[in-house]
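Structure, as structure tokens:
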Amino acid sequence: MTARRVELFVDPACPFAWMTSRWLQHAAQVREVEPLFSVMSLYVLNEGNDLDPDYRASTNQTIGAARLAIEIRRTEGAEAFSRWYTAWGERYHVGGNKDRRAVAVEALAAAELPASLIDVYEDVPGDETDQALRASHQDAISRVGNDVGTPVISFGEGTAYFGPVLSPAPKGEDAGRLLDALATMSELSGFYELKRQRTGGIDLS
């Protein structure tokens, strides 16, 4: 049986995208699916929006990791990006090291990727990396529509949507059952939204 490709668009700095990516990895252990990680950007998403100053400052700081992510995805391929993203998340989200540039460098080494890739980290509006990031972000938005955040999940032939937002990430058969449910939802063109109030912090276990 050919594995079904499930594409997840993430911003590396988003903890909820990280949790969703780990769930998808767990689901792939119990279902015939091939996770494919792609890049979207909180920075691009919030351009021109009226934000709280503190959140604006935080969002502006996400651009470096997103630029590096798209450059890895563009030049080294999806599998390389998946390796880097795992190494990044284990240090940044789980390990709690918030020096993003230093974490990005460490993750390049851990993923056995060229150290020179860090050269794209600083924002250069309009350069090739910026254009690739915006194109990838727009790809995600074109599938799911406006007024969403990260992550965005796409089942290819079905409807893409924002989420799922998870804490903690389900494992084992629970991960598989959630994937089954989401895949079913993606096949229903009239399905738009499910949501409840989020309580508590993020459980990274």
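Please note that chains go A, B, ... in the order of the structure tokens, that every chain numbers its residues from 1, and that ligands are numbered from 1 in the order shown.
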
Do you know which residues are at most 7 Å from range 143-156 of chain A counting only C-alpha atoms, after dropping those on the same chain fewer than 4 positions away, and could you put them as a PyMOL selection string? chain A and resi 5-11+17+139+160-163+183+186

Any idea what's packed within 10 Å of Glu79 in chain A, counting only C-alpha atoms, ignoring anything in its chain fewer than 5 positions away? Could you give it as an MDAnalysis selection string? chainID A and resid 35:37 72:73 84:85

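Listed by chain and then by rising number, the residues of range 16-205 of chain A that DSSP assigns to strand (DSSP E or B) from the backbone are A:Val33, A:Glu34, A:Pro35, A:Leu36, A:Phe37, A:Ser38, A:Val39, A:Val152, A:Ile153, A:Ser154, A:Tyr161, A:Phe162.
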
Name all residues at most 10 Å from Arg67 in chain A (count only C-alpha atoms; drop same-chain ones fewer than 5 positions away) and give them as a VMD selection string. chain A and resid 11 to 12 39 to 41 62 72 to 73 117 to 124 129 to 134

Residue subset to file, keeping N, CA and C atoms, as a PDB file, in the first residue's frame:
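See part03.pdb below for the written result:
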ATOM      1  N   ASP A  11       5.727  27.176  11.195  1.00  0.00           N
ATOM      2  CA  ASP A  11       6.740  28.177  11.497  1.00  0.00           C
ATOM      3  C   ASP A  11       7.592  27.575  12.615  1.00  0.00           C
ATOM      4  N   PRO A  12       8.909  27.488  12.438  1.00  0.00           N
ATOM      5  CA  PRO A  12       9.743  26.825  13.439  1.00  0.00           C
ATOM      6  C   PRO A  12       9.590  27.388  14.851  1.00  0.00           C
ATOM      7  N   VAL A  39       6.999  25.064   5.025  1.00  0.00           N
ATOM      8  CA  VAL A  39       7.234  26.261   5.831  1.00  0.00           C
ATOM      9  C   VAL A  39       6.173  27.334   5.574  1.00  0.00           C
ATOM     10  N   MET A  40       5.658  27.892   6.658  1.00  0.00           N
ATOM     11  CA  MET A  40       4.888  29.125   6.602  1.00  0.00           C
ATOM     12  C   MET A  40       5.494  30.075   7.625  1.00  0.00           C
ATOM     13  N   SER A  41       4.997  31.299   7.700  1.00  0.00           N
ATOM     14  CA  SER A  41       5.691  32.302   8.500  1.00  0.00           C
ATOM     15  C   SER A  41       4.734  33.165   9.302  1.00  0.00           C
ATOM     16  N   THR A  62      10.781  36.025  14.682  1.00  0.00           N
ATOM     17  CA  THR A  62      10.626  34.687  14.110  1.00  0.00           C
ATOM     18  C   THR A  62      11.185  34.585  12.690  1.00  0.00           C
ATOM     19  N   ILE A  72      16.694  25.689   3.768  1.00  0.00           N
ATOM     20  CA  ILE A  72      16.987  24.256   3.865  1.00  0.00           C
ATOM     21  C   ILE A  72      16.008  23.462   3.000  1.00  0.00           C
ATOM     22  N   ARG A  73      14.734  23.791   3.127  1.00  0.00           N
ATOM     23  CA  ARG A  73      13.699  23.080   2.353  1.00  0.00           C
ATOM     24  C   ARG A  73      13.932  23.241   0.858  1.00  0.00           C
ATOM     25  N   LEU A 117      24.627  27.654   5.592  1.00  0.00           N
ATOM     26  CA  LEU A 117      23.210  27.987   5.429  1.00  0.00           C
ATOM     27  C   LEU A 117      22.769  29.092   6.387  1.00  0.00           C
ATOM     28  N   ILE A 118      23.456  29.232   7.502  1.00  0.00           N
ATOM     29  CA  ILE A 118      23.084  30.268   8.476  1.00  0.00           C
ATOM     30  C   ILE A 118      23.220  31.660   7.882  1.00  0.00           C
ATOM     31  N   ASP A 119      23.905  31.798   6.766  1.00  0.00           N
ATOM     32  CA  ASP A 119      24.094  33.111   6.147  1.00  0.00           C
ATOM     33  C   ASP A 119      22.770  33.763   5.752  1.00  0.00           C
ATOM     34  N   VAL A 120      21.711  32.977   5.584  1.00  0.00           N
ATOM     35  CA  VAL A 120      20.424  33.559   5.181  1.00  0.00           C
ATOM     36  C   VAL A 120      19.598  33.991   6.389  1.00  0.00           C
ATOM     37  N   TYR A 121      20.100  33.814   7.597  1.00  0.00           N
ATOM     38  CA  TYR A 121      19.302  34.050   8.805  1.00  0.00           C
ATOM     39  C   TYR A 121      18.835  35.496   8.921  1.00  0.00           C
ATOM     40  N   GLU A 122      19.711  36.451   8.602  1.00  0.00           N
ATOM     41  CA  GLU A 122      19.334  37.856   8.723  1.00  0.00           C
ATOM     42  C   GLU A 122      18.376  38.246   7.603  1.00  0.00           C
ATOM     43  N   ASP A 123      17.355  39.004   7.952  1.00  0.00           N
ATOM     44  CA  ASP A 123      16.304  39.359   7.004  1.00  0.00           C
ATOM     45  C   ASP A 123      16.824  40.291   5.910  1.00  0.00           C
ATOM     46  N   VAL A 124      16.618  39.897   4.672  1.00  0.00           N
ATOM     47  CA  VAL A 124      16.930  40.731   3.513  1.00  0.00           C
ATOM     48  C   VAL A 124      15.673  40.765   2.651  1.00  0.00           C
ATOM     49  N   THR A 129      15.642  34.128  -0.833  1.00  0.00           N
ATOM     50  CA  THR A 129      15.097  33.397   0.313  1.00  0.00           C
ATOM     51  C   THR A 129      13.764  33.981   0.744  1.00  0.00           C
ATOM     52  N   ASP A 130      13.673  35.303   0.781  1.00  0.00           N
ATOM     53  CA  ASP A 130      12.431  35.986   1.146  1.00  0.00           C
ATOM     54  C   ASP A 130      11.317  35.615   0.167  1.00  0.00           C
ATOM     55  N   GLN A 131      11.629  35.607  -1.104  1.00  0.00           N
ATOM     56  CA  GLN A 131      10.632  35.266  -2.112  1.00  0.00           C
ATOM     57  C   GLN A 131      10.149  33.826  -1.952  1.00  0.00           C
ATOM     58  N   ALA A 132      11.090  32.915  -1.675  1.00  0.00           N
ATOM     59  CA  ALA A 132      10.717  31.511  -1.488  1.00  0.00           C
ATOM     60  C   ALA A 132       9.851  31.329  -0.247  1.00  0.00           C
ATOM     61  N   LEU A 133      10.174  32.049   0.829  1.00  0.00           N
ATOM     62  CA  LEU A 133       9.381  31.969   2.057  1.00  0.00           C
ATOM     63  C   LEU A 133       7.966  32.455   1.818  1.00  0.00           C
ATOM     64  N   ARG A 134       7.832  33.574   1.138  1.00  0.00           N
ATOM     65  CA  ARG A 134       6.502  34.131   0.875  1.00  0.00           C
ATOM     66  C   ARG A 134       5.696  33.220  -0.044  1.00  0.00           C
TER      67      ARG A 134
END

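With CA of Val33 in chain A on one side and CA of Glu106 in chain A on the other, the separation reads 29.3 Å.
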
I need the helix (DSSP H, G or I) residues of range 1-204 of chain A per DSSP on the backbone, written as a compact mmCIF listing (two decimals) with N, CA, C and O atoms, in the first residue's frame.
# COMPACT_ATOMS: atom_id res chain seq x y z
N PRO A 15 5.27 27.03 19.05
CA PRO A 15 5.25 25.81 19.86
C PRO A 15 4.10 24.88 19.51
O PRO A 15 4.23 23.66 19.63
N PHE A 16 2.97 25.44 19.07
CA PHE A 16 1.84 24.60 18.73
C PHE A 16 2.09 23.83 17.43
O PHE A 16 1.69 22.68 17.29
N ALA A 17 2.77 24.47 16.49
CA ALA A 17 3.17 23.76 15.27
C ALA A 17 4.12 22.61 15.61
O ALA A 17 4.04 21.53 15.04
N TRP A 18 5.03 22.86 16.55
CA TRP A 18 5.95 21.81 16.99
C TRP A 18 5.19 20.62 17.56
O TRP A 18 5.46 19.46 17.21
N MET A 19 4.22 20.89 18.42
CA MET A 19 3.44 19.81 19.02
C MET A 19 2.70 19.02 17.94
O MET A 19 2.65 17.78 17.98
N THR A 20 2.12 19.73 16.97
CA THR A 20 1.40 19.06 15.90
C THR A 20 2.33 18.20 15.06
O THR A 20 1.98 17.08 14.65
N SER A 21 3.53 18.69 14.82
CA SER A 21 4.50 17.92 14.03
C SER A 21 4.89 16.64 14.75
O SER A 21 5.09 15.60 14.11
N ARG A 22 5.00 16.69 16.07
CA ARG A 22 5.36 15.48 16.81
C ARG A 22 4.21 14.47 16.77
O ARG A 22 4.44 13.26 16.65
N TRP A 23 2.97 14.97 16.89
CA TRP A 23 1.82 14.07 16.75
C TRP A 23 1.83 13.38 15.39
O TRP A 23 1.61 12.17 15.29
N LEU A 24 2.10 14.15 14.32
CA LEU A 24 2.10 13.57 12.98
C LEU A 24 3.19 12.50 12.85
O LEU A 24 2.98 11.46 12.20
N GLN A 25 4.33 12.73 13.48
CA GLN A 25 5.39 11.71 13.48
C GLN A 25 4.93 10.46 14.22
O GLN A 25 5.19 9.33 13.78
N HIS A 26 4.25 10.64 15.34
CA HIS A 26 3.73 9.49 16.08
C HIS A 26 2.69 8.74 15.23
O HIS A 26 2.67 7.50 15.21
N ALA A 27 1.82 9.49 14.55
CA ALA A 27 0.77 8.86 13.75
C ALA A 27 1.36 8.03 12.62
O ALA A 27 0.82 6.98 12.25
N ALA A 28 2.47 8.49 12.07
CA ALA A 28 3.13 7.77 10.97
C ALA A 28 3.67 6.42 11.41
O ALA A 28 3.96 5.56 10.56
N LEU A 42 4.92 33.18 10.62
CA LEU A 42 4.16 34.10 11.47
C LEU A 42 4.47 35.55 11.14
O LEU A 42 3.60 36.42 11.23
N TYR A 43 5.70 35.81 10.74
CA TYR A 43 6.10 37.17 10.37
C TYR A 43 5.31 37.64 9.15
O TYR A 43 4.71 38.72 9.16
N VAL A 44 5.27 36.81 8.11
CA VAL A 44 4.53 37.17 6.91
C VAL A 44 3.04 37.23 7.20
O VAL A 44 2.34 38.13 6.74
N LEU A 45 2.54 36.29 7.98
CA LEU A 45 1.12 36.23 8.31
C LEU A 45 0.64 37.52 8.97
O LEU A 45 -0.49 37.96 8.73
N PRO A 53 2.22 45.64 20.93
CA PRO A 53 3.65 45.88 20.68
C PRO A 53 4.56 44.72 21.09
O PRO A 53 5.54 44.42 20.39
N ASP A 54 4.26 44.08 22.22
CA ASP A 54 5.09 42.96 22.66
C ASP A 54 4.97 41.78 21.69
O ASP A 54 5.97 41.12 21.37
N TYR A 55 3.75 41.52 21.22
CA TYR A 55 3.58 40.41 20.28
C TYR A 55 4.21 40.75 18.94
O TYR A 55 4.78 39.87 18.27
N ARG A 56 4.14 42.01 18.54
CA ARG A 56 4.79 42.44 17.31
C ARG A 56 6.29 42.19 17.38
O ARG A 56 6.89 41.66 16.45
N ALA A 57 6.90 42.56 18.52
CA ALA A 57 8.33 42.36 18.68
C ALA A 57 8.68 40.87 18.64
O ALA A 57 9.67 40.47 18.01
N SER A 58 7.85 40.06 19.30
CA SER A 58 8.08 38.61 19.30
C SER A 58 7.94 38.03 17.90
O SER A 58 8.77 37.20 17.47
N THR A 59 6.93 38.47 17.18
CA THR A 59 6.70 37.97 15.82
C THR A 59 7.84 38.37 14.89
O THR A 59 8.29 37.57 14.06
N ASN A 60 8.34 39.59 15.04
CA ASN A 60 9.45 40.04 14.20
C ASN A 60 10.69 39.17 14.38
O ASN A 60 11.48 39.00 13.44
N ILE A 63 11.49 35.71 12.06
CA ILE A 63 11.81 35.69 10.65
C ILE A 63 13.11 34.94 10.35
O ILE A 63 13.23 34.25 9.32
N GLY A 64 14.10 35.02 11.23
CA GLY A 64 15.38 34.37 10.96
C GLY A 64 15.26 32.87 10.82
O GLY A 64 15.76 32.27 9.85
N ALA A 65 14.60 32.23 11.78
CA ALA A 65 14.44 30.78 11.73
C ALA A 65 13.59 30.36 10.53
O ALA A 65 13.85 29.33 9.91
N ALA A 66 12.57 31.16 10.21
CA ALA A 66 11.74 30.84 9.05
C ALA A 66 12.53 30.94 7.75
O ALA A 66 12.38 30.11 6.85
N ARG A 67 13.39 31.95 7.65
CA ARG A 67 14.24 32.09 6.46
C ARG A 67 15.19 30.90 6.32
O ARG A 67 15.35 30.35 5.23
N LEU A 68 15.79 30.51 7.42
CA LEU A 68 16.69 29.36 7.37
C LEU A 68 15.93 28.09 7.01
O LEU A 68 16.39 27.28 6.20
N ALA A 69 14.73 27.94 7.58
CA ALA A 69 13.92 26.76 7.30
C ALA A 69 13.60 26.65 5.81
O ALA A 69 13.74 25.57 5.22
N ILE A 70 13.18 27.74 5.19
CA ILE A 70 12.81 27.67 3.78
C ILE A 70 14.04 27.44 2.91
O ILE A 70 13.97 26.77 1.88
N GLU A 71 15.18 27.99 3.33
CA GLU A 71 16.40 27.78 2.56
C GLU A 71 16.83 26.32 2.59
O GLU A 71 17.25 25.75 1.57
N ILE A 72 16.69 25.69 3.77
CA ILE A 72 16.99 24.26 3.87
C ILE A 72 16.01 23.46 3.00
O ILE A 72 16.41 22.58 2.23
N ARG A 73 14.73 23.79 3.13
CA ARG A 73 13.70 23.08 2.35
C ARG A 73 13.93 23.24 0.86
O ARG A 73 13.76 22.30 0.07
N ARG A 74 14.36 24.44 0.45
CA ARG A 74 14.52 24.76 -0.97
C ARG A 74 15.78 24.15 -1.56
O ARG A 74 15.76 23.65 -2.69
N THR A 75 16.86 24.18 -0.82
CA THR A 75 18.15 23.77 -1.38
C THR A 75 18.57 22.35 -1.00
O THR A 75 19.32 21.71 -1.74
N ALA A 78 13.10 18.19 1.47
CA ALA A 78 12.15 18.03 2.57
C ALA A 78 12.71 17.18 3.70
O ALA A 78 12.47 17.46 4.89
N GLU A 79 13.43 16.13 3.37
CA GLU A 79 13.96 15.25 4.42
C GLU A 79 14.99 15.99 5.28
O GLU A 79 15.03 15.84 6.49
N ALA A 80 15.81 16.82 4.64
CA ALA A 80 16.79 17.62 5.37
C ALA A 80 16.09 18.62 6.28
O ALA A 80 16.52 18.84 7.42
N PHE A 81 15.04 19.24 5.77
CA PHE A 81 14.29 20.17 6.61
C PHE A 81 13.69 19.46 7.81
O PHE A 81 13.72 19.98 8.93
N SER A 82 13.16 18.26 7.61
CA SER A 82 12.59 17.50 8.72
C SER A 82 13.65 17.22 9.78
O SER A 82 13.39 17.34 10.99
N ARG A 83 14.86 16.85 9.36
CA ARG A 83 15.95 16.60 10.32
C ARG A 83 16.29 17.86 11.09
O ARG A 83 16.46 17.84 12.32
N TRP A 84 16.43 18.97 10.37
CA TRP A 84 16.78 20.23 11.03
C TRP A 84 15.67 20.66 11.98
O TRP A 84 15.94 21.11 13.11
N TYR A 85 14.43 20.55 11.55
CA TYR A 85 13.30 20.99 12.37
C TYR A 85 13.23 20.19 13.66
O TYR A 85 12.96 20.74 14.74
N THR A 86 13.49 18.89 13.59
CA THR A 86 13.51 18.07 14.79
C THR A 86 14.64 18.52 15.73
O THR A 86 14.42 18.69 16.94
N ALA A 87 15.81 18.73 15.17
CA ALA A 87 16.95 19.18 15.99
C ALA A 87 16.68 20.55 16.58
O ALA A 87 17.02 20.82 17.75
N TRP A 88 16.10 21.44 15.80
CA TRP A 88 15.74 22.78 16.28
C TRP A 88 14.74 22.69 17.43
O TRP A 88 14.92 23.29 18.48
N GLY A 89 13.65 21.95 17.22
CA GLY A 89 12.59 21.88 18.21
C GLY A 89 13.03 21.25 19.51
O GLY A 89 12.59 21.66 20.60
N GLU A 90 13.91 20.24 19.43
CA GLU A 90 14.39 19.59 20.65
C GLU A 90 15.21 20.56 21.49
O GLU A 90 15.22 20.45 22.73
N ARG A 91 15.86 21.50 20.85
CA ARG A 91 16.67 22.48 21.58
C ARG A 91 15.87 23.72 21.98
O ARG A 91 15.99 24.21 23.10
N TYR A 92 15.07 24.21 21.06
CA TYR A 92 14.35 25.47 21.28
C TYR A 92 13.08 25.26 22.10
O TYR A 92 12.87 25.91 23.13
N HIS A 93 12.21 24.36 21.65
CA HIS A 93 10.94 24.17 22.34
C HIS A 93 11.09 23.29 23.58
O HIS A 93 10.61 23.65 24.66
N VAL A 94 11.71 22.13 23.42
CA VAL A 94 11.83 21.20 24.55
C VAL A 94 12.95 21.61 25.48
O VAL A 94 12.77 21.66 26.71
N ARG A 100 17.76 32.00 19.51
CA ARG A 100 17.30 31.35 18.28
C ARG A 100 18.42 31.14 17.27
O ARG A 100 18.49 30.10 16.61
N ARG A 101 19.26 32.13 17.12
CA ARG A 101 20.32 31.99 16.13
C ARG A 101 21.30 30.88 16.54
O ARG A 101 21.72 30.07 15.71
N ALA A 102 21.66 30.85 17.83
CA ALA A 102 22.56 29.81 18.31
C ALA A 102 21.94 28.43 18.14
O ALA A 102 22.62 27.47 17.75
N VAL A 103 20.65 28.32 18.44
CA VAL A 103 19.95 27.05 18.27
C VAL A 103 19.93 26.64 16.81
O VAL A 103 20.12 25.47 16.46
N ALA A 104 19.71 27.62 15.92
CA ALA A 104 19.69 27.34 14.48
C ALA A 104 21.02 26.75 14.02
O ALA A 104 21.07 25.80 13.23
N VAL A 105 22.12 27.32 14.52
CA VAL A 105 23.46 26.84 14.18
C VAL A 105 23.67 25.43 14.71
O VAL A 105 24.17 24.53 14.00
N GLU A 106 23.31 25.20 15.97
CA GLU A 106 23.46 23.87 16.57
C GLU A 106 22.64 22.83 15.80
O GLU A 106 23.09 21.70 15.59
N ALA A 107 21.44 23.22 15.40
CA ALA A 107 20.57 22.29 14.69
C ALA A 107 21.12 21.95 13.31
O ALA A 107 20.96 20.81 12.84
N LEU A 108 21.76 22.91 12.65
CA LEU A 108 22.41 22.61 11.37
C LEU A 108 23.47 21.53 11.55
O LEU A 108 23.57 20.59 10.75
N ALA A 109 24.28 21.67 12.59
CA ALA A 109 25.32 20.68 12.85
C ALA A 109 24.72 19.32 13.18
O ALA A 109 25.17 18.28 12.66
N ALA A 110 23.67 19.32 14.02
CA ALA A 110 23.05 18.05 14.42
C ALA A 110 22.40 17.35 13.23
O ALA A 110 22.39 16.11 13.17
N ALA A 115 27.06 24.38 7.33
CA ALA A 115 27.04 25.49 8.29
C ALA A 115 26.79 26.82 7.60
O ALA A 115 26.24 27.75 8.20
N SER A 116 27.15 26.92 6.33
CA SER A 116 27.01 28.17 5.58
C SER A 116 25.55 28.57 5.38
O SER A 116 25.27 29.73 5.05
N LEU A 117 24.63 27.65 5.59
CA LEU A 117 23.21 27.99 5.43
C LEU A 117 22.77 29.09 6.39
O LEU A 117 21.81 29.81 6.12
N ILE A 118 23.46 29.23 7.50
CA ILE A 118 23.08 30.27 8.48
C ILE A 118 23.22 31.66 7.88
O ILE A 118 22.65 32.63 8.43
N ASP A 119 23.90 31.80 6.77
CA ASP A 119 24.09 33.11 6.15
C ASP A 119 22.77 33.76 5.75
O ASP A 119 22.72 34.99 5.59
N VAL A 120 21.71 32.98 5.58
CA VAL A 120 20.42 33.56 5.18
C VAL A 120 19.60 33.99 6.39
O VAL A 120 18.49 34.51 6.22
N GLU A 128 16.18 36.17 -2.66
CA GLU A 128 15.66 34.89 -3.14
C GLU A 128 15.02 34.08 -2.01
O GLU A 128 13.98 33.43 -2.19
N THR A 129 15.64 34.13 -0.83
CA THR A 129 15.10 33.40 0.31
C THR A 129 13.76 33.98 0.74
O THR A 129 12.81 33.26 1.05
N ASP A 130 13.67 35.30 0.78
CA ASP A 130 12.43 35.99 1.15
C ASP A 130 11.32 35.62 0.17
O ASP A 130 10.18 35.33 0.57
N GLN A 131 11.63 35.61 -1.10
CA GLN A 131 10.63 35.27 -2.11
C GLN A 131 10.15 33.83 -1.95
O GLN A 131 8.95 33.54 -2.07
N ALA A 132 11.09 32.91 -1.67
CA ALA A 132 10.72 31.51 -1.49
C ALA A 132 9.85 31.33 -0.25
O ALA A 132 8.89 30.55 -0.26
N LEU A 133 10.17 32.05 0.83
CA LEU A 133 9.38 31.97 2.06
C LEU A 133 7.97 32.45 1.82
O LEU A 133 6.99 31.82 2.24
N ARG A 134 7.83 33.57 1.14
CA ARG A 134 6.50 34.13 0.88
C ARG A 134 5.70 33.22 -0.04
O ARG A 134 4.48 33.08 0.12
N ALA A 135 6.36 32.60 -1.00
CA ALA A 135 5.66 31.68 -1.90
C ALA A 135 5.15 30.46 -1.16
O ALA A 135 4.02 29.99 -1.37
N SER A 136 5.98 29.90 -0.27
CA SER A 136 5.58 28.74 0.51
C SER A 136 4.44 29.09 1.47
O SER A 136 3.47 28.33 1.62
N HIS A 137 4.55 30.26 2.10
CA HIS A 137 3.49 30.72 3.00
C HIS A 137 2.18 30.89 2.22
O HIS A 137 1.11 30.45 2.68
N GLN A 138 2.26 31.49 1.05
CA GLN A 138 1.06 31.70 0.25
C GLN A 138 0.45 30.38 -0.21
O GLN A 138 -0.78 30.25 -0.34
N ASP A 139 1.30 29.38 -0.44
CA ASP A 139 0.81 28.06 -0.79
C ASP A 139 -0.09 27.53 0.32
O ASP A 139 -1.19 27.00 0.06
N ALA A 140 0.37 27.67 1.56
CA ALA A 140 -0.45 27.22 2.70
C ALA A 140 -1.76 27.99 2.77
O ALA A 140 -2.85 27.41 2.91
N ILE A 141 -1.68 29.32 2.67
CA ILE A 141 -2.88 30.15 2.79
C ILE A 141 -3.86 29.90 1.65
O ILE A 141 -5.08 29.92 1.84
N SER A 142 -3.34 29.64 0.46
CA SER A 142 -4.23 29.38 -0.68
C SER A 142 -5.04 28.12 -0.49
O SER A 142 -6.12 27.96 -1.07
N ARG A 143 -4.55 27.21 0.33
CA ARG A 143 -5.26 25.95 0.56
C ARG A 143 -6.31 26.08 1.67
O ARG A 143 -7.33 25.39 1.64
N VAL A 144 -6.03 26.96 2.64
CA VAL A 144 -6.88 26.99 3.83
C VAL A 144 -7.68 28.28 3.97
O VAL A 144 -8.66 28.33 4.70
N GLY A 172 0.98 6.67 19.89
CA GLY A 172 0.42 5.35 19.67
C GLY A 172 -0.89 5.39 18.91
O GLY A 172 -1.08 6.19 18.00
N GLU A 173 -1.80 4.51 19.30
CA GLU A 173 -3.07 4.40 18.59
C GLU A 173 -3.90 5.67 18.72
O GLU A 173 -4.70 5.99 17.81
N ASP A 174 -3.75 6.41 19.81
CA ASP A 174 -4.45 7.69 19.92
C ASP A 174 -4.04 8.64 18.80
O ASP A 174 -4.88 9.34 18.23
N ALA A 175 -2.76 8.65 18.47
CA ALA A 175 -2.28 9.48 17.36
C ALA A 175 -2.90 9.02 16.05
O ALA A 175 -3.30 9.85 15.21
N GLY A 176 -2.99 7.72 15.85
CA GLY A 176 -3.58 7.18 14.64
C GLY A 176 -5.06 7.49 14.52
O GLY A 176 -5.55 7.85 13.43
N ARG A 177 -5.79 7.36 15.62
CA ARG A 177 -7.23 7.63 15.59
C ARG A 177 -7.51 9.09 15.27
O ARG A 177 -8.46 9.41 14.55
N LEU A 178 -6.69 9.98 15.82
CA LEU A 178 -6.87 11.40 15.51
C LEU A 178 -6.61 11.66 14.03
O LEU A 178 -7.35 12.41 13.38
N LEU A 179 -5.57 11.04 13.49
CA LEU A 179 -5.29 11.20 12.07
C LEU A 179 -6.46 10.71 11.23
O LEU A 179 -6.86 11.37 10.25
N ASP A 180 -7.04 9.57 11.59
CA ASP A 180 -8.19 9.04 10.87
C ASP A 180 -9.33 10.05 10.85
O ASP A 180 -9.97 10.28 9.82
N ALA A 181 -9.60 10.64 12.01
CA ALA A 181 -10.71 11.59 12.12
C ALA A 181 -10.46 12.83 11.27
O ALA A 181 -11.36 13.31 10.56
N LEU A 182 -9.24 13.34 11.32
CA LEU A 182 -8.91 14.54 10.55
C LEU A 182 -8.96 14.26 9.05
O LEU A 182 -9.39 15.11 8.26
N ALA A 183 -8.51 13.07 8.65
CA ALA A 183 -8.56 12.71 7.24
C ALA A 183 -10.00 12.65 6.75
O ALA A 183 -10.32 13.09 5.64
N THR A 184 -10.90 12.15 7.59
CA THR A 184 -12.31 12.12 7.23
C THR A 184 -12.87 13.53 7.08
O THR A 184 -13.57 13.84 6.11
N MET A 185 -12.54 14.40 8.01
CA MET A 185 -13.00 15.80 7.93
C MET A 185 -12.52 16.46 6.65
O MET A 185 -13.24 17.25 6.03
N SER A 186 -11.30 16.14 6.25
CA SER A 186 -10.72 16.78 5.06
C SER A 186 -11.46 16.41 3.79
O SER A 186 -11.34 17.09 2.76

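Checking A:Ala3, A:Ala13, A:Leu51, A:Leu204 one by one against Pro168 in chain A, counting only C-alpha atoms, you find the shortest gap at A:Leu204.
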
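Distances from A:Val165, A:Arg4, A:Leu113, A:Lys171 to Leu194 in chain A were compared using only C-alpha atoms, and the smallest one belongs to A:Val165.
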